[in-house]
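Everything below concerns the one structure shown next.
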Amino acid sequence: LTLDGLTLLEIKSALNDTKNVLSNWQEFDETHCRWTGISCHPGDDQRVRLINLPYMQLGGILSPSIGKLSGLQRLALHQNSLHGTIPNELTNCSDLRALYLRGNFFEGGIPSNIGNLSYLNILDLSSNLLKGAIPSSIGRLSQLQILNLTTNFFSGEIPDIGVLSTFSKYSFEGNSDLCGRQIEKPCRTSLGFPVVLPHAESDQAAVPAKRSSRYMKVLLIYAIAIMGIALVMVLSFLWTRLISKKERAAKRYTEVKKQVHPGASAKLITFHGDLPYTSSEIIEKLESLDEENILGSGGYGTVYRMEMNDRRLFAVKRIDRSYAGSDQVFERELEILGSIKHTNLVNMRGYCRLPSSRFLIYDYLVLGSLDDVLHENTQEILVPNWSDRLKIALGAARGLAYLHHECSPEIVHRNIKSSNILFDECMESHISDLGLAKLLVDEEAHVTTVVAGTFGYLAPEYLQSGRATEKSDVYSFGVLLLELVTGKRPTDPSFVRRGLNVVGWVNTLLRDNKLKDVVDKRCRIADEGTLEVILELALRCTDGNADDRPSMNEVLQLLKQEVMSCPSEFYESDSDY
Ligand SMILES: Nc1ncnc2c1ncn2[C@@H]1O[C@H](COP(=O)(O)OP(=O)(O)OP(=O)(O)O)[C@@H](O)[C@H]1O
């Protein structure tokens, strides 16, 4: 073993590896470059470049030996259970570009000479038990693009110097004792007054004694008035919250506007008043849809492009499938689906039942589906690059995590696939067809035909039992990630011919150390570290054992970190970490 290999063993000895994930970190191994979570610099000297061990349930401490890895560029140990302090020696890793220690139990302060890490792009120490002042040397990190110190116990004034001046409150939230310009919270003197007050400068020039007692009086009046106003605001805020909560509960379904078309047995339901047209105009447009307007057809029916008189476009799905229950139950279920709103879900605007057919009305997504973009795209220039692909994955993960973790009861999509990821004019991902897989199955059918979804994306246990869970969605999402990396459909003939699906194919190539062969040839990967992390995530999502797959919230966290660490134009748009 080289010096770096021995250093890794020292680091391992300080970690509490409960799940034995570091079992292949062995003394007798000649090269440490293939150990779990390790990547080396190209060349013969086997210098460690990346340590990627997030979500590994590692305990123990981060050994000071880490400082000996002078070629280290990325240290990702987020979402483990590490404790102790962040060793000062870490700042000897002068090549470090990304440091992720989020979601551990690190105590103490940030090493004061962290400013020595002059290449640092990303510093994420959020969700730890860190305390003390934020060192001003962070201001010297001129390359720093992402700073996340949220949810710790930092205190004192945030230094307003260098790069530290450029970060907003989103980098510091969840530290109740911090103050400073960045978080719009003035720091206070021991008397409890803001250090900087309006007109403070002119007061300096005044006659000291007399002026200061008048000044104190004014301050007192100010303070009492501010406290009074704050009290009134808090009370009225609480009151409106109470009222609006009650109203929201009562109005849950009243926002759904139901209209019965005069003279015909037609029914129109619009959700959240989202379709600002008369029922006659909508019904007239629906009745006039013809072959020219067809966008495509899928398992539930045909999709049309519908243009209103004001030129706004909608996508309309004419439902072919029958529904076993009554119209009332079907419509009630749809009302629930219509009430779900999220930027990464295709917005359902309304439902219309005419004697001839039933229609679902959606927002029209101009740039088509991921399936079109990846597989039907003949113009090389329009093929998404690596950072676009990460952004697409992130958007889809946000939508799916919302369905799994924010909706109550949670919604299992059952049919995650590339043709159900649609793009708006900004190439933002929107998941379509949510809820339909469950709503439009034939309840009477035999269990094997109850399986909705599309071959290639389906989790093995879902195929066997017909029972869809969040974890079967996670599997489909993992396949989607592999599709984004490889640029191949999950049923691509090149591996199906050899009896493999995309998961088996990627696993085989990785086992043979052919990382490069996995990647879509049309896409230049800027950062091999990110590629490895995404592949590892995809393989965890497609684990044969559903319990070993991560939740969508975990997937989302990990993708956010990767998107932020991928240098591209969409840093700014992704600020909600
Ligand atoms: N809201 C929308 N905006 C623009 N195009 C859409 C919209 N919804 C669907 N489409 C397009 O209509 C076509 C058919 O979509 P549909 O969802 O019915 O089929 P699918 O996704 O191929 O299969 P499945 O029914 O299994 O989901 C696809 O080409 C899709 O891109």
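Naming works like this for the structure tokens: A, B, ... for the chains as they're shown, residue 1 at the start of each chain, ligands 1 onward in shown order.
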
Name all residues at most 8 Å from range 169-184 of chain A (count only C-alpha atoms; drop same-chain ones fewer than 4 positions away) and give them as a PDB file with N, CA and C atoms, in the first residue's frame.
```pdb
ATOM      1  N   LEU A 147     -22.436  27.683   0.207  1.00  0.00           N
ATOM      2  CA  LEU A 147     -22.124  27.660   1.633  1.00  0.00           C
ATOM      3  C   LEU A 147     -23.399  27.274   2.360  1.00  0.00           C
ATOM      4  N   ASN A 148     -23.346  26.193   3.097  1.00  0.00           N
ATOM      5  CA  ASN A 148     -24.528  25.780   3.846  1.00  0.00           C
ATOM      6  C   ASN A 148     -24.138  25.494   5.289  1.00  0.00           C
ATOM      7  N   LEU A 149     -24.484  26.444   6.160  1.00  0.00           N
ATOM      8  CA  LEU A 149     -24.166  26.277   7.589  1.00  0.00           C
ATOM      9  C   LEU A 149     -25.457  26.165   8.390  1.00  0.00           C
ATOM     10  N   THR A 150     -26.549  25.890   7.708  1.00  0.00           N
ATOM     11  CA  THR A 150     -27.860  25.910   8.356  1.00  0.00           C
ATOM     12  C   THR A 150     -27.979  24.824   9.428  1.00  0.00           C
ATOM     13  N   THR A 151     -28.937  25.031  10.325  1.00  0.00           N
ATOM     14  CA  THR A 151     -29.283  24.070  11.367  1.00  0.00           C
ATOM     15  C   THR A 151     -28.066  23.600  12.168  1.00  0.00           C
ATOM     16  N   ASN A 152     -27.445  24.553  12.845  1.00  0.00           N
ATOM     17  CA  ASN A 152     -26.376  24.281  13.801  1.00  0.00           C
ATOM     18  C   ASN A 152     -26.609  25.176  15.002  1.00  0.00           C
ATOM     19  N   PHE A 153     -25.552  25.419  15.795  1.00  0.00           N
ATOM     20  CA  PHE A 153     -25.703  26.303  16.953  1.00  0.00           C
ATOM     21  C   PHE A 153     -24.704  27.461  16.885  1.00  0.00           C
ATOM     22  N   PHE A 154     -24.450  27.936  15.700  1.00  0.00           N
ATOM     23  CA  PHE A 154     -23.499  29.028  15.564  1.00  0.00           C
ATOM     24  C   PHE A 154     -24.047  30.288  16.228  1.00  0.00           C
ATOM     25  N   SER A 155     -23.111  31.109  16.700  1.00  0.00           N
ATOM     26  CA  SER A 155     -23.562  32.341  17.359  1.00  0.00           C
ATOM     27  C   SER A 155     -22.670  33.505  16.951  1.00  0.00           C
ATOM     28  N   GLY A 156     -23.102  34.690  17.332  1.00  0.00           N
ATOM     29  CA  GLY A 156     -22.318  35.894  17.072  1.00  0.00           C
ATOM     30  C   GLY A 156     -22.595  36.490  15.705  1.00  0.00           C
ATOM     31  N   GLU A 157     -21.794  37.466  15.380  1.00  0.00           N
ATOM     32  CA  GLU A 157     -22.025  38.214  14.144  1.00  0.00           C
ATOM     33  C   GLU A 157     -21.394  37.492  12.954  1.00  0.00           C
ATOM     34  N   ILE A 158     -22.131  37.401  11.865  1.00  0.00           N
ATOM     35  CA  ILE A 158     -21.576  36.789  10.655  1.00  0.00           C
ATOM     36  C   ILE A 158     -20.631  37.818  10.036  1.00  0.00           C
ATOM     37  N   PRO A 159     -19.346  37.474   9.902  1.00  0.00           N
ATOM     38  CA  PRO A 159     -18.430  38.467   9.340  1.00  0.00           C
ATOM     39  C   PRO A 159     -18.901  38.903   7.959  1.00  0.00           C
ATOM     40  N   ASP A 160     -18.854  40.194   7.729  1.00  0.00           N
ATOM     41  CA  ASP A 160     -19.360  40.723   6.458  1.00  0.00           C
ATOM     42  C   ASP A 160     -18.170  41.071   5.566  1.00  0.00           C
ATOM     43  N   SER A 165     -19.760  37.958   2.364  1.00  0.00           N
ATOM     44  CA  SER A 165     -20.764  39.014   2.172  1.00  0.00           C
ATOM     45  C   SER A 165     -21.767  38.643   1.085  1.00  0.00           C
ATOM     46  N   SER A 575     -31.934  27.100  -5.361  1.00  0.00           N
ATOM     47  CA  SER A 575     -31.454  27.707  -4.126  1.00  0.00           C
ATOM     48  C   SER A 575     -32.080  27.123  -2.876  1.00  0.00           C
ATOM     49  N   ASP A 576     -32.980  26.176  -3.029  1.00  0.00           N
ATOM     50  CA  ASP A 576     -33.733  25.760  -1.836  1.00  0.00           C
ATOM     51  C   ASP A 576     -33.113  24.578  -1.111  1.00  0.00           C
ATOM     52  N   TYR A 577     -31.861  24.635  -0.817  1.00  0.00           N
ATOM     53  CA  TYR A 577     -31.321  23.540  -0.039  1.00  0.00           C
ATOM     54  C   TYR A 577     -31.374  23.834   1.426  1.00  0.00           C
TER      55      TYR A 577
END
```

Around ligand 1, which protein and nucleic acid residues have at least one atom no more than 7 Å from it, if we count only C-alpha atoms and all ligand atoms? List them as a list in words.
Leu295, Gly296, Ser297, Gly298, Gly299, Tyr300, Gly301, Thr302, Val303, Ala315, Lys317, Val346, Tyr362, Asp363, Tyr364, Leu365, Val366, Gly368, Ser369, Asn415, Ser419, Asn420, Leu422, Ser432, Asp433, Gly453 and Thr454 of chain A

Let's have the selection written as a short mmCIF file (atom, residue, chain, number, x, y, z; two decimals), in the first residue's frame, with C-alpha atoms.
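This is the output file selection-v5.cif:
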```cif
data_model
loop_
_atom_site.label_atom_id
_atom_site.label_comp_id
_atom_site.auth_asym_id
_atom_site.auth_seq_id
_atom_site.Cartn_x
_atom_site.Cartn_y
_atom_site.Cartn_z
CA LEU A 295 -50.12 14.44 -29.63
CA GLY A 296 -49.87 10.71 -29.06
CA SER A 297 -51.55 7.89 -27.28
CA GLY A 298 -50.71 5.73 -24.31
CA GLY A 299 -52.17 3.12 -22.06
CA TYR A 300 -55.08 5.22 -20.84
CA GLY A 301 -56.15 6.88 -24.03
CA THR A 302 -55.31 9.48 -26.64
CA VAL A 303 -53.76 12.85 -25.86
CA ALA A 315 -53.25 18.88 -23.28
CA LYS A 317 -56.43 13.07 -22.43
CA VAL A 346 -48.11 18.16 -14.44
CA TYR A 362 -53.78 19.27 -18.24
CA ASP A 363 -51.25 22.05 -18.70
CA TYR A 364 -49.55 21.74 -22.05
CA LEU A 365 -45.82 21.02 -21.74
CA VAL A 366 -44.17 22.41 -24.83
CA GLY A 368 -42.18 17.00 -24.98
CA SER A 369 -41.02 14.10 -22.88
CA ASN A 415 -45.75 4.33 -13.73
CA SER A 419 -42.32 9.22 -21.37
CA ASN A 420 -44.03 10.43 -18.19
CA LEU A 422 -42.47 16.16 -19.51
CA SER A 432 -47.38 13.27 -15.64
CA ASP A 433 -50.12 10.69 -15.21
CA GLY A 453 -46.58 0.57 -15.46
CA THR A 454 -44.18 -0.30 -18.18
#
```

Between A:Val502, A:Ile269, A:Ile221, A:Leu367, single out the one closest to Glu335 in chain A, counting only C-alpha atoms.
A:Ile269
